[in-house]
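**Q** Structure incoming, see below.
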Amino acid sequence: VITGVHLSDGAIGFYGGDKAGNTFSYQGELIPRQFHGTGDLFAAVLSGSLAAGETLSAAAQKAAEFVRACVKNTAEVTPFGVEFETQLHRLWN
């Protein structure tokens, strides 16, 4: 899964593929702010979702949507990253 992919103006997401040769992508609204640690957060949610039995494409989409929600709900850019704690409920099915 490659993150930070711009397939259209005003959007950002990912492009990926699995060992069976299936490809998938996801695009969402570009939020023009940058935070430290969002890649790590994406990787953590992706890994946890895979460990829980989700497919790679579903796990990547969940991770992207979670990171986007965290960015949207973080009031200001700081060197401490996004406020993810208030969004943890999104990870429970």
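All residue names refer to the structure tokens as shown: chains lettered A, B, ... in order, residues numbered from 1 in each chain, ligands numbered from 1 in order.
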Could you pull out the residues in chain A that DSSP calls strand (DSSP E or B) from the backbone, as a VMD selection string?
**A** chain A and resid 2 to 5 11 to 17 23 to 29
**Q** How would the residues just chosen look if you wrote them out with N, CA and C atoms as an mmCIF file, in the first residue's frame?
**A**
```cif
data_model
loop_
_atom_site.group_PDB
_atom_site.id
_atom_site.type_symbol
_atom_site.label_atom_id
_atom_site.label_comp_id
_atom_site.auth_asym_id
_atom_site.auth_seq_id
_atom_site.Cartn_x
_atom_site.Cartn_y
_atom_site.Cartn_z
ATOM 1 N N ILE A 2 0.683 2.101 -0.977
ATOM 2 C CA ILE A 2 1.423 3.353 -1.067
ATOM 3 C C ILE A 2 0.459 4.470 -0.694
ATOM 4 N N THR A 3 0.816 5.235 0.319
ATOM 5 C CA THR A 3 -0.048 6.324 0.779
ATOM 6 C C THR A 3 0.401 7.654 0.197
ATOM 7 N N GLY A 4 -0.443 8.653 0.353
ATOM 8 C CA GLY A 4 -0.122 9.986 -0.145
ATOM 9 C C GLY A 4 -0.289 10.118 -1.645
ATOM 10 N N VAL A 5 -1.156 9.303 -2.231
ATOM 11 C CA VAL A 5 -1.364 9.286 -3.680
ATOM 12 C C VAL A 5 -2.469 10.271 -4.055
ATOM 13 N N ALA A 11 -7.944 15.745 -3.678
ATOM 14 C CA ALA A 11 -8.113 14.434 -3.051
ATOM 15 C C ALA A 11 -6.744 13.806 -2.782
ATOM 16 N N ILE A 12 -6.715 12.941 -1.794
ATOM 17 C CA ILE A 12 -5.504 12.194 -1.460
ATOM 18 C C ILE A 12 -5.935 10.829 -0.939
ATOM 19 N N GLY A 13 -5.090 9.848 -1.102
ATOM 20 C CA GLY A 13 -5.440 8.517 -0.630
ATOM 21 C C GLY A 13 -4.304 7.541 -0.795
ATOM 22 N N PHE A 14 -4.636 6.341 -1.225
ATOM 23 C CA PHE A 14 -3.624 5.313 -1.381
ATOM 24 C C PHE A 14 -3.914 4.472 -2.616
ATOM 25 N N TYR A 15 -2.918 3.708 -3.004
ATOM 26 C CA TYR A 15 -3.031 2.731 -4.080
ATOM 27 C C TYR A 15 -2.333 1.487 -3.561
ATOM 28 N N GLY A 16 -2.935 0.332 -3.781
ATOM 29 C CA GLY A 16 -2.327 -0.883 -3.260
ATOM 30 C C GLY A 16 -2.611 -2.099 -4.113
ATOM 31 N N GLY A 17 -1.959 -3.172 -3.742
ATOM 32 C CA GLY A 17 -2.159 -4.443 -4.421
ATOM 33 C C GLY A 17 -1.854 -5.589 -3.480
ATOM 34 N N THR A 23 -5.681 -5.070 -7.405
ATOM 35 C CA THR A 23 -5.286 -3.712 -7.033
ATOM 36 C C THR A 23 -6.504 -2.972 -6.498
ATOM 37 N N PHE A 24 -6.239 -1.968 -5.697
ATOM 38 C CA PHE A 24 -7.316 -1.179 -5.098
ATOM 39 C C PHE A 24 -6.779 0.205 -4.789
ATOM 40 N N SER A 25 -7.687 1.142 -4.709
ATOM 41 C CA SER A 25 -7.293 2.509 -4.362
ATOM 42 C C SER A 25 -8.410 3.161 -3.572
ATOM 43 N N TYR A 26 -8.072 4.266 -2.957
ATOM 44 C CA TYR A 26 -9.030 5.014 -2.154
ATOM 45 C C TYR A 26 -8.630 6.478 -2.233
ATOM 46 N N GLN A 27 -9.600 7.332 -2.407
ATOM 47 C CA GLN A 27 -9.363 8.770 -2.423
ATOM 48 C C GLN A 27 -10.387 9.443 -1.526
ATOM 49 N N GLY A 28 -9.946 10.423 -0.792
ATOM 50 C CA GLY A 28 -10.819 11.212 0.053
ATOM 51 C C GLY A 28 -10.403 12.665 -0.028
ATOM 52 N N GLU A 29 -11.195 13.493 0.583
ATOM 53 C CA GLU A 29 -10.927 14.932 0.584
ATOM 54 C C GLU A 29 -9.533 15.237 1.125
#
```
**Q** Tell me, in Å to one decimal, how far atom CA of A:Gly37 is from atom CA of A:Leu88.
**A**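 Taking atom CA of A:Gly37 and atom CA of A:Leu88, their separation equals 15.7 Å.
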**Q** DSSP on the backbone, alpha helix (DSSP H) only: what residues of chain A does that give? Format it as number ranges by chain.
**A** A: 38-51, 56-72
**Q** For the selection just defined, write its residues with N, CA, C and O atoms to a file, as a compact mmCIF listing (two decimals), in the first residue's frame.
**A**
```txt
# COMPACT_ATOMS: atom_id res chain seq x y z
N THR A 38 1.33 10.58 11.12
CA THR A 38 0.12 10.03 10.48
C THR A 38 0.43 8.74 9.72
O THR A 38 -0.41 7.85 9.65
N GLY A 39 1.63 8.62 9.19
CA GLY A 39 2.02 7.37 8.53
C GLY A 39 2.12 6.22 9.51
O GLY A 39 1.70 5.10 9.22
N ASP A 40 2.66 6.51 10.69
CA ASP A 40 2.73 5.49 11.74
C ASP A 40 1.34 5.08 12.20
O ASP A 40 1.07 3.90 12.45
N LEU A 41 0.46 6.07 12.32
CA LEU A 41 -0.92 5.79 12.72
C LEU A 41 -1.62 4.93 11.67
O LEU A 41 -2.31 3.96 12.00
N PHE A 42 -1.42 5.26 10.38
CA PHE A 42 -1.98 4.47 9.29
C PHE A 42 -1.48 3.02 9.40
O PHE A 42 -2.25 2.08 9.32
N ALA A 43 -0.17 2.86 9.58
CA ALA A 43 0.42 1.52 9.65
C ALA A 43 -0.12 0.73 10.84
O ALA A 43 -0.36 -0.48 10.73
N ALA A 44 -0.32 1.40 11.97
CA ALA A 44 -0.84 0.71 13.15
C ALA A 44 -2.26 0.21 12.93
O ALA A 44 -2.59 -0.93 13.27
N VAL A 45 -3.11 1.07 12.37
CA VAL A 45 -4.49 0.66 12.12
C VAL A 45 -4.54 -0.43 11.05
O VAL A 45 -5.28 -1.41 11.18
N LEU A 46 -3.73 -0.28 10.02
CA LEU A 46 -3.66 -1.30 8.97
C LEU A 46 -3.25 -2.65 9.55
O LEU A 46 -3.91 -3.67 9.32
N SER A 47 -2.19 -2.66 10.35
CA SER A 47 -1.69 -3.90 10.94
C SER A 47 -2.70 -4.54 11.89
O SER A 47 -2.92 -5.75 11.85
N GLY A 48 -3.31 -3.72 12.72
CA GLY A 48 -4.32 -4.24 13.65
C GLY A 48 -5.52 -4.82 12.92
O GLY A 48 -6.05 -5.86 13.32
N SER A 49 -5.93 -4.16 11.86
CA SER A 49 -7.08 -4.64 11.08
C SER A 49 -6.76 -5.95 10.37
O SER A 49 -7.60 -6.85 10.30
N LEU A 50 -5.54 -6.06 9.86
CA LEU A 50 -5.12 -7.31 9.23
C LEU A 50 -5.07 -8.44 10.25
O LEU A 50 -5.52 -9.56 9.98
N ALA A 51 -4.55 -8.14 11.44
CA ALA A 51 -4.49 -9.14 12.51
C ALA A 51 -5.88 -9.60 12.93
O ALA A 51 -6.06 -10.73 13.36
N LEU A 56 -6.77 -6.85 3.01
CA LEU A 56 -5.83 -5.74 2.89
C LEU A 56 -6.53 -4.47 2.43
O LEU A 56 -6.29 -3.39 2.98
N SER A 57 -7.41 -4.57 1.44
CA SER A 57 -8.08 -3.38 0.94
C SER A 57 -9.00 -2.77 2.00
O SER A 57 -9.04 -1.55 2.18
N ALA A 58 -9.73 -3.60 2.74
CA ALA A 58 -10.61 -3.09 3.80
C ALA A 58 -9.80 -2.48 4.94
O ALA A 58 -10.17 -1.44 5.49
N ALA A 59 -8.68 -3.12 5.29
CA ALA A 59 -7.83 -2.61 6.36
C ALA A 59 -7.22 -1.26 5.97
O ALA A 59 -7.15 -0.34 6.78
N ALA A 60 -6.80 -1.13 4.73
CA ALA A 60 -6.21 0.13 4.26
C ALA A 60 -7.26 1.24 4.25
O ALA A 60 -6.97 2.38 4.62
N GLN A 61 -8.47 0.92 3.82
CA GLN A 61 -9.53 1.93 3.81
C GLN A 61 -9.86 2.37 5.24
O GLN A 61 -10.04 3.55 5.51
N LYS A 62 -9.94 1.42 6.16
CA LYS A 62 -10.22 1.76 7.56
C LYS A 62 -9.12 2.67 8.10
O LYS A 62 -9.39 3.67 8.78
N ALA A 63 -7.87 2.35 7.79
CA ALA A 63 -6.74 3.15 8.25
C ALA A 63 -6.80 4.57 7.68
O ALA A 63 -6.60 5.55 8.40
N ALA A 64 -7.09 4.68 6.39
CA ALA A 64 -7.16 6.00 5.75
C ALA A 64 -8.28 6.84 6.34
O ALA A 64 -8.10 8.03 6.61
N GLU A 65 -9.44 6.24 6.54
CA GLU A 65 -10.57 6.97 7.09
C GLU A 65 -10.31 7.38 8.54
O GLU A 65 -10.71 8.46 8.97
N PHE A 66 -9.63 6.53 9.28
CA PHE A 66 -9.30 6.86 10.67
C PHE A 66 -8.33 8.04 10.72
O PHE A 66 -8.54 9.00 11.48
N VAL A 67 -7.28 7.98 9.92
CA VAL A 67 -6.30 9.08 9.91
C VAL A 67 -6.97 10.38 9.47
O VAL A 67 -6.74 11.44 10.06
N ARG A 68 -7.81 10.31 8.45
CA ARG A 68 -8.51 11.51 7.98
C ARG A 68 -9.38 12.11 9.09
O ARG A 68 -9.40 13.31 9.32
N ALA A 69 -10.10 11.27 9.81
CA ALA A 69 -10.95 11.74 10.92
C ALA A 69 -10.09 12.39 12.01
O ALA A 69 -10.48 13.42 12.57
N CYS A 70 -8.94 11.81 12.28
CA CYS A 70 -8.05 12.38 13.29
C CYS A 70 -7.54 13.74 12.85
O CYS A 70 -7.51 14.69 13.66
N VAL A 71 -7.15 13.87 11.60
CA VAL A 71 -6.66 15.16 11.09
C VAL A 71 -7.78 16.20 11.15
O VAL A 71 -7.56 17.33 11.60
N LYS A 72 -8.97 15.83 10.71
CA LYS A 72 -10.09 16.77 10.73
C LYS A 72 -10.44 17.24 12.13
O LYS A 72 -10.88 18.37 12.32
```
**Q** In Å, how far is it from atom CA of A:Pro32 to atom CA of A:Glu54?
**A**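 Distance reported for this atom pair: 29.6 Å.
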**Q** Taking into account only C-alpha atoms, which residue in the set A:Leu30, A:Asn22, A:Phe35, A:Ala52 is nearest to A:Phe80?
**A**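 Result for the nearest residue to A:Phe80: A:Phe35.
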**Q** Between atom CA of A:His36 and atom CA of A:His6, measure the distance and give it in Å to one decimal.
**A**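 These two atoms are separated by 19.3 Å.
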**Q** Smallest atom-to-atom distance to A:Thr55: which of A:Ser8, A:Val82, A:Lys19, A:Leu91, using only C-alpha atoms?
**A**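 Once distances to A:Thr55 are computed over only C-alpha atoms, the minimum belongs to A:Lys19.
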**Q** Would you list the contacts of A:Glu83 as a list in words, taking every protein, DNA or RNA residue within 8 Å and counting only C-alpha atoms, but skipping same-chain residues closer than 2 positions in sequence?
**A**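 Non-adjacent residues within range: Cys70, Val71, Asn73, Thr74, Gly81, Glu85, Thr86 and Gln87 of chain A.
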**Q** Could you save those same residues with C-alpha atoms as a compact mmCIF listing (two decimals), in the first residue's frame?
**A**
```txt
# COMPACT_ATOMS: atom_id res chain seq x y z
CA CYS A 70 -8.05 12.38 13.29
CA VAL A 71 -6.66 15.16 11.09
CA ASN A 73 -10.64 16.71 14.48
CA THR A 74 -7.25 18.10 15.48
CA GLY A 81 0.80 14.80 15.87
CA GLU A 85 -7.80 9.45 21.25
CA THR A 86 -11.23 10.95 20.54
CA GLN A 87 -11.48 8.91 17.34
```
